[in-house]
Structure formats: structure tokens, C-alpha cells
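Participant: First the structure, which I've put down as C-alpha cells, then a few questions once you've had a look.
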Amino acid sequence: SDCVFEKNELEITVLITGVGVPFTSFYLGKILSQNDFNLALNAGIAGAFNRNIKMGDVVNVISEQFGDLGIEEADGTFTDMHELDLIPSNDFPFENGVLDNEKALDFDFLPKAKGLTVSKVHGFQPSINSIRKKYKADIESMEGAAFFLACKLENVPFLEIRSISNYVETRNRENWNIPLAIENLNKVLIQTIEIFQKS
């Protein structure tokens, strides 16, 4: 679903895609193909692989990769779509299998992080160890790479900001802090909107 808010010269369309790559891909692709935007901003929560990122921190995601699009080998290892050459790793919009957001580097108001997008959140320690070694990502979400892909293919400037609600570890919801993550995310969103109102 989407709705539009206006204040002075600023117009904001809010799109709630739902969870995961399929819904994000469909709804974002639909709205980007029918409208012109100066900026697309993806906001949500994420899990952190990187323990230097604190719970509740909000980060600027500068790159994304698909972390489970490929095949599981007989020995349990994972081979992704680029390694299989199903999608050549340097076919646009990928560079060495990574979706980069060069424009995100210009924004210094938040710490920068590398994202990994998955359809199932990791909670089994051997899988966590394996995926961390393979992709060296700072955070994990369920939509980021789909957002990067759609924006790059539609040539729309974009930013992804994520607030950390948990660490990627053996699943234990008692260690999560979604209220803190959402509170901090909302503060940053308000600050961001204020920046664009002044510019």
C-alpha cells in the first residue's frame, strides 16, 4: 500500500511493501515504473553480523548482495548465482556480484555498512559462520538487495537506512530490541526529511 504526504515543496510517497524480496520487488518495481522520484529511501530494521555496530544503531547501507540465491551443494556449502554464472557477476547492475550505491558514500550523517539480503534469517551458528566468511557483510535484511536492484535498473537515486534490532546469532528473540530500533530509525527519518525540506 502507498500514500502521499505534502509539505511546502516536499512530496513524500510512502510505500509499505511487506516482508521479503518477492513483495519488495513487485511493489517497488510497480511504483518506480509509474512515477518519477528524486530519491527512493528504504527504511527498516536489520540484524548485525558486525559486533562493532551497537543495538539500535542506524546505518547507511552502501552495498548489497543476495545471500541465498543459488544452490546448496552435496557437502552443505552454498554456491551463489554469480559463481554458477547464471547471472554474470559484472552484468549491470552488478559489479563483482555486488550491488553498490556510489551516491550513499556522499552521505556522512550515518555510519556505513555492507548489507546481505536473505529470504531466511540466519539462526544456526554453522550457517552464520559460513555466510559471514563468504560475504563479509555487516548487516542482514530481507529486502535490501531487491531495493538496490530495482532502483539501479530504474535509474532512481536511492538510500537504504537500517536500524539494528538484533545480532545475527543463534535465534533468541529475548535478545532483540525492536522498539529501540524503530524509535532510533524514526528519529533519523525525521532528520532526513528535515534536511530535504531545507535543501
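To be explicit about the labels: the chains of the C-alpha cells are called A, B, and onward in the order shown, and within each one the residues are counted from 1, while ligands get numbers from 1 in the order they are shown.
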Where does DSSP see strand (DSSP E) in segment 98-172 of chain A, if you list the residues as a count of residues only?

Facilitator: 21

Participant: How would you write, as JSON, numbers by chain, the set of residues in segment 38-176 of chain A that DSSP gives as helix (DSSP H, G or I)?

Facilitator: {"A": [102, 103, 104, 105, 106, 125, 126, 127, 128, 129, 130, 131, 132, 133, 134, 135, 144, 145, 146, 147, 148, 149, 150, 151, 152, 153, 154, 173, 174, 175]}

Participant: Need to verify the contact set: segment 166-183 of chain A, 9 Å, only C-alpha atoms, exclusion of same-chain residues closer than 6 positions in sequence. Can you return it as a short mmCIF file (atom, residue, chain, number, x, y, z; two decimals) with C-alpha atoms, in the first residue's frame?

Facilitator:
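Full text of around.cif as output:
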data_model
loop_
_atom_site.label_atom_id
_atom_site.label_comp_id
_atom_site.auth_asym_id
_atom_site.auth_seq_id
_atom_site.Cartn_x
_atom_site.Cartn_y
_atom_site.Cartn_z
CA GLY A 44 13.75 -0.79 8.08
CA ILE A 45 15.34 -2.92 10.78
CA ALA A 46 18.17 -5.41 10.38
CA GLY A 47 20.36 -7.90 12.17
CA ALA A 48 24.07 -7.16 12.59
CA PHE A 49 26.89 -9.58 11.88
CA ASN A 50 29.38 -6.89 12.89
CA ARG A 51 29.52 -6.64 16.69
CA LYS A 54 25.53 -1.41 18.60
CA MET A 55 21.94 -2.44 19.12
CA GLY A 56 19.73 0.45 17.99
CA ASP A 57 22.41 1.99 15.75
CA VAL A 58 21.15 3.29 12.42
CA VAL A 121 17.18 -15.03 8.65
CA HIS A 122 20.22 -16.95 9.87
CA GLY A 123 19.94 -18.59 13.30
CA PHE A 124 22.13 -21.71 13.08
CA GLN A 125 25.71 -20.98 14.14
CA ILE A 128 26.16 -17.92 10.32
CA ILE A 139 24.21 -6.49 8.42
CA GLU A 140 21.45 -8.80 7.21
#

Participant: List the spatial neighbours of Ser141 of chain A as a count of residues only - criterion: any atom at most 12 Å away, only C-alpha atoms, same-chain residues fewer than 5 positions off excluded.

Facilitator: 38

Participant: From the options A:Ser25, A:Asn129, A:Glu154, A:Ala145, which residue's atoms come nearest to Leu69 of chain A, counting only C-alpha atoms?

Facilitator: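 Among the listed residues, A:Ala145 lies closest to Leu69 of chain A.
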
Participant: Find the residue from A:Ala104, A:Val188, A:Leu110, A:Ala40 that sits nearest to Ile62 of chain A; use only C-alpha atoms when measuring.

Facilitator: A:Ala104

Participant: When distances are computed from only C-alpha atoms, which of A:Ala74, A:Ile53, A:Cys3, A:Ile12 shows the smallest separation from Leu189 of chain A?

Facilitator: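 When distances to Leu189 of chain A are compared using only C-alpha atoms, the smallest one comes from A:Ile12.
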
Participant: Taking only C-alpha atoms into account, produce a table as a tab-separated table in which each residue of segment 119-168 of chain A with an atom at most 10 Å from an atom of segment 34-38 of chain A appears once, together with its shortest atom pair and the distance in Å to one decimal, ordered by chain and rising number.

Facilitator:
residue	atom	partner	partner_atom	distance
A:Glu154	CA	A:Asp36	CA	9.7
A:Asn155	CA	A:Phe37	CA	10.0
A:Val156	CA	A:Phe37	CA	6.8
A:Pro157	CA	A:Asn38	CA	6.6
A:Phe158	CA	A:Asn38	CA	8.5

Participant: Include N, CA and C atoms and write out the residues we just selected as an mmCIF file, in the first residue's frame.

Facilitator:
data_model
loop_
_atom_site.group_PDB
_atom_site.id
_atom_site.type_symbol
_atom_site.label_atom_id
_atom_site.label_comp_id
_atom_site.auth_asym_id
_atom_site.auth_seq_id
_atom_site.Cartn_x
_atom_site.Cartn_y
_atom_site.Cartn_z
ATOM 1 N N GLU A 154 15.998 1.146 -12.585
ATOM 2 C CA GLU A 154 15.131 2.261 -12.965
ATOM 3 C C GLU A 154 15.869 3.600 -12.948
ATOM 4 N N ASN A 155 17.162 3.575 -12.588
ATOM 5 C CA ASN A 155 17.994 4.779 -12.568
ATOM 6 C C ASN A 155 17.419 5.855 -11.626
ATOM 7 N N VAL A 156 17.023 5.423 -10.434
ATOM 8 C CA VAL A 156 16.489 6.328 -9.412
ATOM 9 C C VAL A 156 17.527 6.442 -8.291
ATOM 10 N N PRO A 157 17.936 7.660 -7.914
ATOM 11 C CA PRO A 157 18.850 7.808 -6.769
ATOM 12 C C PRO A 157 18.211 7.209 -5.521
ATOM 13 N N PHE A 158 19.030 6.590 -4.663
ATOM 14 C CA PHE A 158 18.440 5.881 -3.531
ATOM 15 C C PHE A 158 19.374 5.832 -2.336
#

Participant: Under the rule that only C-alpha atoms are counted, which of A:Pro93, A:Pro126, A:Gly29, A:Pro22 is the nearest residue to Thr77 of chain A?

Facilitator: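 Among the listed residues, the smallest separation from Thr77 of chain A belongs to A:Pro126.
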
Participant: With distances taken over only C-alpha atoms, which residue among A:Asp138, A:Glu194, A:Asp100, A:Glu143 lies nearest Thr17 of chain A?

Facilitator: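 Using only C-alpha atoms, Thr17 of chain A sits closest to A:Glu143.
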
Participant: Select, from A:Leu185, A:Lys30, A:Gly70, A:Glu95, the residue with the minimum atom-to-atom distance to Glu83 of chain A, counting only C-alpha atoms.

Facilitator: A:Gly70

Participant: Atom CA of Gly144 of chain A and atom CA of Thr24 of chain A are how many Å apart?

Facilitator: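 One can read the atom CA of Gly144 of chain A to atom CA of Thr24 of chain A distance as 8.9 Å.
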
Participant: How many Å separate atom CA of Phe78 of chain A from atom CA of Ala137 of chain A?

Facilitator: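 Computed distance, atom CA of Phe78 of chain A to atom CA of Ala137 of chain A, equals 15.8 Å.
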